[in-house]
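Trainee: My questions will all concern the structure given below.
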Amino acid sequence: MATTNITGEEFNSTVRGEGITLVDFWASWCGPCMQFGPVYERASEANPDITFAKVDTDAEQGLARALGISSIPTLMAFRDDVLVYHEAGALPPKALDALIDQVRELLTQILTVNATLTDQRRNDNMKTVSSWGAILLFPTLIGSIYGMNFEAMPELHWRYGYPMALGLMVVSAVVLYIVFKRRDWL
């Protein structure tokens, strides 16, 4: 894809697109800009998936001033509407290629970090749900055993049977709560 000359009105719509957008700020009277121009053009032909734009700072002085362009050539790189690179000076071909590779890899790194954080949140949620399930398991189990045994219910024949069953449920739940809280599962 060849480079595209853009105006101040086209700047926002150009950099807000998906993917990578490189913008070269230049002027026709600038020697380093003229040297960097062919390097930038070759990079645009070698990377058709990237948008390569050029802004003539003489014609677009308001845009250059708004973006803080104080020397030229200045190269900006945007990745999905986020400015990820902003430097003045002409880059040699290898440095421009390295910059393009780094901006490309940036998305991969962002997605990897996002996936890691999502997995970590999912694991934390699973720990919490599992902990509450375990805490509720013992009172349910004790209540089920005593509640289903109608002929030999200890609380009917023994004065402390009912308070003991309730106490055992509470103690087991509190012990598990403390254990899981210390392990940061809750």
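Here, A, B, ... name the chains of the structure tokens in the order displayed, residue numbers run from 1 inside each chain, and ligands are numbered from 1 in the same displayed order.
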Got a sec: who's within 10 Å of segment 135-138 of chain A, counting only C-alpha atoms, leaving out chain neighbours fewer than 2 positions off, as a PyMOL selection string?

Mentor: chain A and resi 129-133+140-144+168-177+180

Trainee: Write the residues of the preceding selection, restricted to N, CA, C and O atoms, as an mmCIF file, in the first residue's frame.

Mentor:
```
data_model
loop_
_atom_site.group_PDB
_atom_site.id
_atom_site.type_symbol
_atom_site.label_atom_id
_atom_site.label_comp_id
_atom_site.auth_asym_id
_atom_site.auth_seq_id
_atom_site.Cartn_x
_atom_site.Cartn_y
_atom_site.Cartn_z
ATOM 1 N N VAL A 129 -15.896 -19.495 45.000
ATOM 2 C CA VAL A 129 -17.088 -20.355 44.895
ATOM 3 C C VAL A 129 -16.824 -21.710 45.536
ATOM 4 O O VAL A 129 -17.670 -22.241 46.272
ATOM 5 N N SER A 130 -15.644 -22.274 45.288
ATOM 6 C CA SER A 130 -15.297 -23.576 45.878
ATOM 7 C C SER A 130 -15.220 -23.491 47.403
ATOM 8 O O SER A 130 -15.640 -24.417 48.111
ATOM 9 N N SER A 131 -14.681 -22.383 47.901
ATOM 10 C CA SER A 131 -14.574 -22.218 49.351
ATOM 11 C C SER A 131 -15.953 -22.170 49.994
ATOM 12 O O SER A 131 -16.196 -22.838 51.012
ATOM 13 N N TRP A 132 -16.852 -21.381 49.428
ATOM 14 C CA TRP A 132 -18.199 -21.305 49.993
ATOM 15 C C TRP A 132 -18.924 -22.640 49.882
ATOM 16 O O TRP A 132 -19.673 -23.029 50.786
ATOM 17 N N GLY A 133 -18.675 -23.364 48.798
ATOM 18 C CA GLY A 133 -19.265 -24.702 48.674
ATOM 19 C C GLY A 133 -18.771 -25.638 49.762
ATOM 20 O O GLY A 133 -19.542 -26.397 50.353
ATOM 21 N N THR A 140 -24.449 -28.947 55.864
ATOM 22 C CA THR A 140 -25.446 -29.700 55.099
ATOM 23 C C THR A 140 -25.319 -31.193 55.372
ATOM 24 O O THR A 140 -26.317 -31.893 55.562
ATOM 25 N N LEU A 141 -24.091 -31.678 55.401
ATOM 26 C CA LEU A 141 -23.851 -33.096 55.655
ATOM 27 C C LEU A 141 -24.320 -33.493 57.057
ATOM 28 O O LEU A 141 -25.035 -34.486 57.232
ATOM 29 N N ILE A 142 -23.956 -32.710 58.053
ATOM 30 C CA ILE A 142 -24.351 -33.018 59.436
ATOM 31 C C ILE A 142 -25.867 -32.939 59.581
ATOM 32 O O ILE A 142 -26.498 -33.815 60.173
ATOM 33 N N GLY A 143 -26.449 -31.890 59.018
ATOM 34 C CA GLY A 143 -27.905 -31.754 59.085
ATOM 35 C C GLY A 143 -28.615 -32.883 58.363
ATOM 36 O O GLY A 143 -29.666 -33.362 58.806
ATOM 37 N N SER A 144 -28.056 -33.332 57.258
ATOM 38 C CA SER A 144 -28.667 -34.431 56.513
ATOM 39 C C SER A 144 -28.616 -35.734 57.289
ATOM 40 O O SER A 144 -29.588 -36.494 57.321
ATOM 41 N N LEU A 168 -21.535 -28.277 66.082
ATOM 42 C CA LEU A 168 -20.626 -28.934 65.149
ATOM 43 C C LEU A 168 -20.720 -28.297 63.761
ATOM 44 O O LEU A 168 -19.703 -28.063 63.096
ATOM 45 N N MET A 169 -21.926 -27.950 63.345
ATOM 46 C CA MET A 169 -22.105 -27.279 62.052
ATOM 47 C C MET A 169 -21.428 -25.908 62.042
ATOM 48 O O MET A 169 -20.713 -25.557 61.110
ATOM 49 N N VAL A 170 -21.641 -25.133 63.096
ATOM 50 C CA VAL A 170 -21.077 -23.785 63.176
ATOM 51 C C VAL A 170 -19.555 -23.847 63.259
ATOM 52 O O VAL A 170 -18.851 -23.104 62.558
ATOM 53 N N VAL A 171 -19.041 -24.735 64.114
ATOM 54 C CA VAL A 171 -17.583 -24.845 64.273
ATOM 55 C C VAL A 171 -16.925 -25.248 62.951
ATOM 56 O O VAL A 171 -15.906 -24.675 62.548
ATOM 57 N N SER A 172 -17.489 -26.229 62.258
ATOM 58 C CA SER A 172 -16.883 -26.664 60.997
ATOM 59 C C SER A 172 -16.920 -25.538 59.963
ATOM 60 O O SER A 172 -15.943 -25.324 59.231
ATOM 61 N N ALA A 173 -18.021 -24.792 59.909
ATOM 62 C CA ALA A 173 -18.114 -23.677 58.963
ATOM 63 C C ALA A 173 -17.127 -22.577 59.313
ATOM 64 O O ALA A 173 -16.448 -22.027 58.439
ATOM 65 N N VAL A 174 -16.979 -22.245 60.585
ATOM 66 C CA VAL A 174 -16.058 -21.181 61.005
ATOM 67 C C VAL A 174 -14.618 -21.593 60.755
ATOM 68 O O VAL A 174 -13.804 -20.788 60.274
ATOM 69 N N VAL A 175 -14.259 -22.833 61.056
ATOM 70 C CA VAL A 175 -12.898 -23.302 60.822
ATOM 71 C C VAL A 175 -12.553 -23.228 59.339
ATOM 72 O O VAL A 175 -11.486 -22.730 58.952
ATOM 73 N N LEU A 176 -13.457 -23.699 58.506
ATOM 74 C CA LEU A 176 -13.194 -23.630 57.062
ATOM 75 C C LEU A 176 -13.114 -22.183 56.573
ATOM 76 O O LEU A 176 -12.288 -21.848 55.733
ATOM 77 N N TYR A 177 -13.956 -21.317 57.115
ATOM 78 C CA TYR A 177 -13.921 -19.908 56.732
ATOM 79 C C TYR A 177 -12.564 -19.296 57.071
ATOM 80 O O TYR A 177 -11.953 -18.603 56.261
ATOM 81 N N PHE A 180 -9.811 -20.697 54.663
ATOM 82 C CA PHE A 180 -9.885 -20.128 53.313
ATOM 83 C C PHE A 180 -9.559 -18.635 53.310
ATOM 84 O O PHE A 180 -8.982 -18.136 52.359
#
```

Trainee: I'd like the neighbourhood of Ala59 of chain A as a VMD selection string, where a residue qualifies if any of its atoms comes within 12 Å (using only C-alpha atoms), though same-chain residues fewer than 3 positions away should be ignored.

Mentor: chain A and resid 5 to 8 25 to 28 54 to 56 62 to 65

Trainee: What separation in Å, quoted to one decimal, exists between atom CA of Ser13 of chain A and atom CA of Gln35 of chain A?

Mentor: 27.7 Å

Trainee: Record the distance separating atom CA of Leu186 of chain A and atom CA of Ala134 of chain A, expressed in Å with one decimal.

Mentor: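 Result for atom CA of Leu186 of chain A versus atom CA of Ala134 of chain A: 11.9 Å, one decimal.
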
Trainee: Can you list, as number ranges by chain, every residue of segment 1-175 of chain A that DSSP puts in strand (DSSP E)?

Mentor: A: 4-5, 20-26, 51-56, 74-79, 82-88
